[in-house]
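These notes concern the structure reproduced below.
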Amino acid sequence: MDGHLLEVKNLSISFTQYERGMRRTNLRTIRDLSVTVDPGEMVAVIGSSGSGKSLLAHAVMGILPYNASFTGEIFFQGERLTARRQRELRGREMVLVPQSVSYLDPLMKVGEQVRKGRRDPASREKSRQVLESYGLGAEMEELYPFQLSGGMTRRVLISTAVMEEPKLVIADEPTPGLHLEAARRVLGHFREMAQGGAGVLLITHDLELALEVADRVAVLYAGMTVEEADSGAFQREETLSHPYTRALWRAMPEHGFESVPGVQPYVKDMPAGCPYRPRCPLAGPECGGEIPLRRTERGWVRCIRRREEEEEK
């Protein structure tokens, strides 16, 4: 699988917790998650709250909480991402545009934050150019974060990322709280980064918006990759393979807002095998065992019943 900018293979993340009586438990939040991003490509990771999307970003960047541990492999430009290499690349070749605008220092002016404190003429000129490229005038440098609108704050966060001309950009839920047009503009900026050669990993719960900009979509459910397909596969339900992905397609406004009974299982109540099994109309006893990813015409899927249906045809 040479040539990938980022490759996450069989990632599992567990958290150590202490319950009543000081009994230690390990909660496996992510199970066997895999995704790749190539240079010049924008890959969207889709999933509802609690599906493990942000944990994926934090694992790649090396900023998981102290009580977290993981297994699996993460490669950047073909080399394994060790903790030391993550520290060297973080904020330079790999940047995270965080979910929360609270990542901006409320006591520091915008210009200083975009320049990361540098004051030399070249850095000042570059920060002005970067801000202008996102529709933010020179006066923006003298403002504090509390003086910005939500859309402006998002663009400032993007500006702090592109100042370093990164090779990998991870955008963690960059559009919450923005009206539709502002959200589209923000995602358009990430699309421009991909067109400029960077790999972009977009983490979002908004499938409709993601399909407007992404090249590929990886679908997470309860911490597991259930399907990965090119964005064109989402034009029709028939070209999607996993029952959960098809349910997401039917839940989109233009497809009828159809919902599926039940909820995503909590990590302590995770069923064996496919986590979608309790809600899946195709589920059978065999879905409780190990279900590996397999190739499809449009990408990958983790589903035994779909394979059986295809073989019967």
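Residue numbering restarts at 1 in every chain; chains get A, B, ... in the order shown in the structure tokens, and ligands count up from 1 in that same order.
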
Who sits within 12 Å of Val35 (chain A), only C-alpha atoms, same chain under 5 positions skipped, as a PyMOL selection string:
chain A and resi 1+4-11+42-46+53+56-57+60+72-75+201-203+216-220+224-229+293+299-301

As a ChimeraX atom specification, please: every residue in region 23-141 of chain A that DSSP puts in helix (DSSP H, G or I).
/A:53-61,83-89,101-103,110-114,121-133,138-141

Once you have the residues from the selection above, write them out as a CSV table (one decimal), in the first residue's frame, restricted to N, CA and C atoms.
```csv
chain,number,residue,atom,x,y,z
A,53,LYS,N,-14.7,9.3,16.1
A,53,LYS,CA,-14.1,10.1,15.0
A,53,LYS,C,-13.0,11.0,15.6
A,54,SER,N,-13.3,11.8,16.7
A,54,SER,CA,-12.2,12.6,17.2
A,54,SER,C,-11.1,11.9,17.8
A,55,LEU,N,-11.3,10.7,18.3
A,55,LEU,CA,-10.3,9.9,18.9
A,55,LEU,C,-9.3,9.5,17.8
A,56,LEU,N,-9.8,9.2,16.6
A,56,LEU,CA,-8.9,8.9,15.4
A,56,LEU,C,-8.0,10.1,15.2
A,57,ALA,N,-8.5,11.3,15.2
A,57,ALA,CA,-7.6,12.5,15.0
A,57,ALA,C,-6.6,12.6,16.1
A,58,HIS,N,-7.0,12.4,17.3
A,58,HIS,CA,-6.1,12.5,18.4
A,58,HIS,C,-5.0,11.4,18.4
A,59,ALA,N,-5.4,10.2,18.0
A,59,ALA,CA,-4.4,9.2,17.9
A,59,ALA,C,-3.3,9.5,16.8
A,60,VAL,N,-3.7,10.0,15.7
A,60,VAL,CA,-2.8,10.4,14.6
A,60,VAL,C,-1.9,11.5,15.1
A,61,MET,N,-2.4,12.4,15.8
A,61,MET,CA,-1.6,13.6,16.2
A,61,MET,C,-0.8,13.3,17.5
A,83,ALA,N,5.8,8.1,18.9
A,83,ALA,CA,5.5,9.2,19.7
A,83,ALA,C,6.5,10.4,19.4
A,84,ARG,N,7.8,10.0,19.2
A,84,ARG,CA,8.8,11.0,19.0
A,84,ARG,C,8.6,11.7,17.6
A,85,ARG,N,8.2,10.9,16.6
A,85,ARG,CA,8.0,11.4,15.3
A,85,ARG,C,6.7,12.3,15.3
A,86,GLN,N,5.7,11.9,16.0
A,86,GLN,CA,4.5,12.7,16.1
A,86,GLN,C,4.9,14.1,16.7
A,87,ARG,N,5.7,14.1,17.7
A,87,ARG,CA,6.1,15.4,18.3
A,87,ARG,C,6.8,16.3,17.3
A,88,GLU,N,7.7,15.7,16.5
A,88,GLU,CA,8.5,16.4,15.5
A,88,GLU,C,7.6,17.0,14.4
A,89,LEU,N,6.6,16.2,14.0
A,89,LEU,CA,5.7,16.6,12.8
A,89,LEU,C,4.5,17.4,13.2
A,101,VAL,N,-13.5,26.1,19.2
A,101,VAL,CA,-12.8,27.4,19.0
A,101,VAL,C,-12.1,27.9,20.3
A,102,SER,N,-12.3,27.2,21.4
A,102,SER,CA,-11.6,27.5,22.6
A,102,SER,C,-10.1,27.2,22.5
A,103,TYR,N,-9.6,26.6,21.5
A,103,TYR,CA,-8.2,26.3,21.3
A,103,TYR,C,-7.5,27.7,21.0
A,110,VAL,N,-5.2,37.9,17.3
A,110,VAL,CA,-5.3,37.0,16.2
A,110,VAL,C,-4.0,36.9,15.4
A,111,GLY,N,-3.4,38.0,15.1
A,111,GLY,CA,-2.2,38.0,14.3
A,111,GLY,C,-1.0,37.2,15.0
A,112,GLU,N,-0.9,37.4,16.3
A,112,GLU,CA,0.2,36.7,17.1
A,112,GLU,C,-0.1,35.2,17.1
A,113,GLN,N,-1.4,34.8,17.1
A,113,GLN,CA,-1.7,33.4,17.2
A,113,GLN,C,-1.4,32.7,15.8
A,114,VAL,N,-1.8,33.4,14.8
A,114,VAL,CA,-1.5,32.9,13.4
A,114,VAL,C,0.0,32.7,13.2
A,121,PRO,N,9.6,40.2,9.8
A,121,PRO,CA,8.9,40.7,8.7
A,121,PRO,C,8.3,39.7,7.8
A,122,ALA,N,9.0,38.6,7.5
A,122,ALA,CA,8.5,37.6,6.6
A,122,ALA,C,7.3,36.9,7.2
A,123,SER,N,7.3,36.6,8.5
A,123,SER,CA,6.2,35.9,9.1
A,123,SER,C,5.0,36.9,9.1
A,124,ARG,N,5.2,38.2,9.4
A,124,ARG,CA,4.1,39.1,9.4
A,124,ARG,C,3.4,39.2,8.0
A,125,GLU,N,4.3,39.2,7.0
A,125,GLU,CA,3.7,39.3,5.6
A,125,GLU,C,3.0,38.1,5.3
A,126,LYS,N,3.5,36.9,5.6
A,126,LYS,CA,2.8,35.7,5.3
A,126,LYS,C,1.5,35.6,6.0
A,127,SER,N,1.4,36.0,7.3
A,127,SER,CA,0.2,35.9,8.0
A,127,SER,C,-0.9,36.8,7.4
A,128,ARG,N,-0.5,38.0,7.0
A,128,ARG,CA,-1.4,38.9,6.3
A,128,ARG,C,-2.0,38.2,5.0
A,129,GLN,N,-1.1,37.6,4.3
A,129,GLN,CA,-1.5,37.0,3.0
A,129,GLN,C,-2.4,35.8,3.3
A,130,VAL,N,-2.1,35.0,4.3
A,130,VAL,CA,-2.9,33.9,4.6
A,130,VAL,C,-4.3,34.3,5.1
A,131,LEU,N,-4.4,35.3,6.0
A,131,LEU,CA,-5.7,35.8,6.4
A,131,LEU,C,-6.5,36.4,5.3
A,132,GLU,N,-5.8,37.1,4.4
A,132,GLU,CA,-6.5,37.7,3.2
A,132,GLU,C,-7.1,36.6,2.3
A,133,SER,N,-6.3,35.5,2.2
A,133,SER,CA,-6.8,34.4,1.3
A,133,SER,C,-8.1,33.8,1.8
A,138,ALA,N,-6.5,42.9,7.0
A,138,ALA,CA,-5.3,43.2,7.9
A,138,ALA,C,-5.7,43.6,9.3
A,139,GLU,N,-6.9,44.2,9.4
A,139,GLU,CA,-7.3,44.7,10.7
A,139,GLU,C,-7.6,43.5,11.7
A,140,MET,N,-7.8,42.3,11.1
A,140,MET,CA,-8.1,41.1,11.9
A,140,MET,C,-7.0,40.8,12.8
A,141,GLU,N,-5.7,41.1,12.4
A,141,GLU,CA,-4.6,40.8,13.2
A,141,GLU,C,-4.6,41.4,14.6
```

Distance query region 271-287 of chain A at most 10 Å, only C-alpha atoms, self and fewer than 4 positions along chain excluded, as a ChimeraX atom specification
/A:31,221-224,226,242-244,247,260-267,291-292,302-306

So which bits of region 86-293 of chain A end up strand (DSSP E) when you DSSP the backbone, as a list in words?
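Matching residues, listed in order: Met94, Val95, Leu96, Val97, Leu168, Val169, Ile170, Ala171, Asp172, Gly199, Val200, Leu201, Leu202, Ile203, Thr204, Arg216, Val217, Ala218, Val219, Leu220, Tyr221, Met224, Thr225, Val226, Glu227, Glu228, Ala229 and Asp230 of chain A.
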
Residues near Trp249 (chain A), cut-off 10 Å, only C-alpha atoms, skip fewer than 3 positions along chain, as number ranges by chain:
A: 207-208, 234-237, 240, 243-246, 252-258

Find, counting only C-alpha atoms, the residue in A:Thr160, A:Thr29, A:Thr36, A:Ser51 that gets nearest to Arg115 (chain A).
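Under the stated criterion, the closest residue is A:Thr160.
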
A:Arg90, A:Arg250, A:Lys116, A:Arg298 ranked by distance to Asp230 (chain A), top pick (using only C-alpha atoms)
A:Arg298
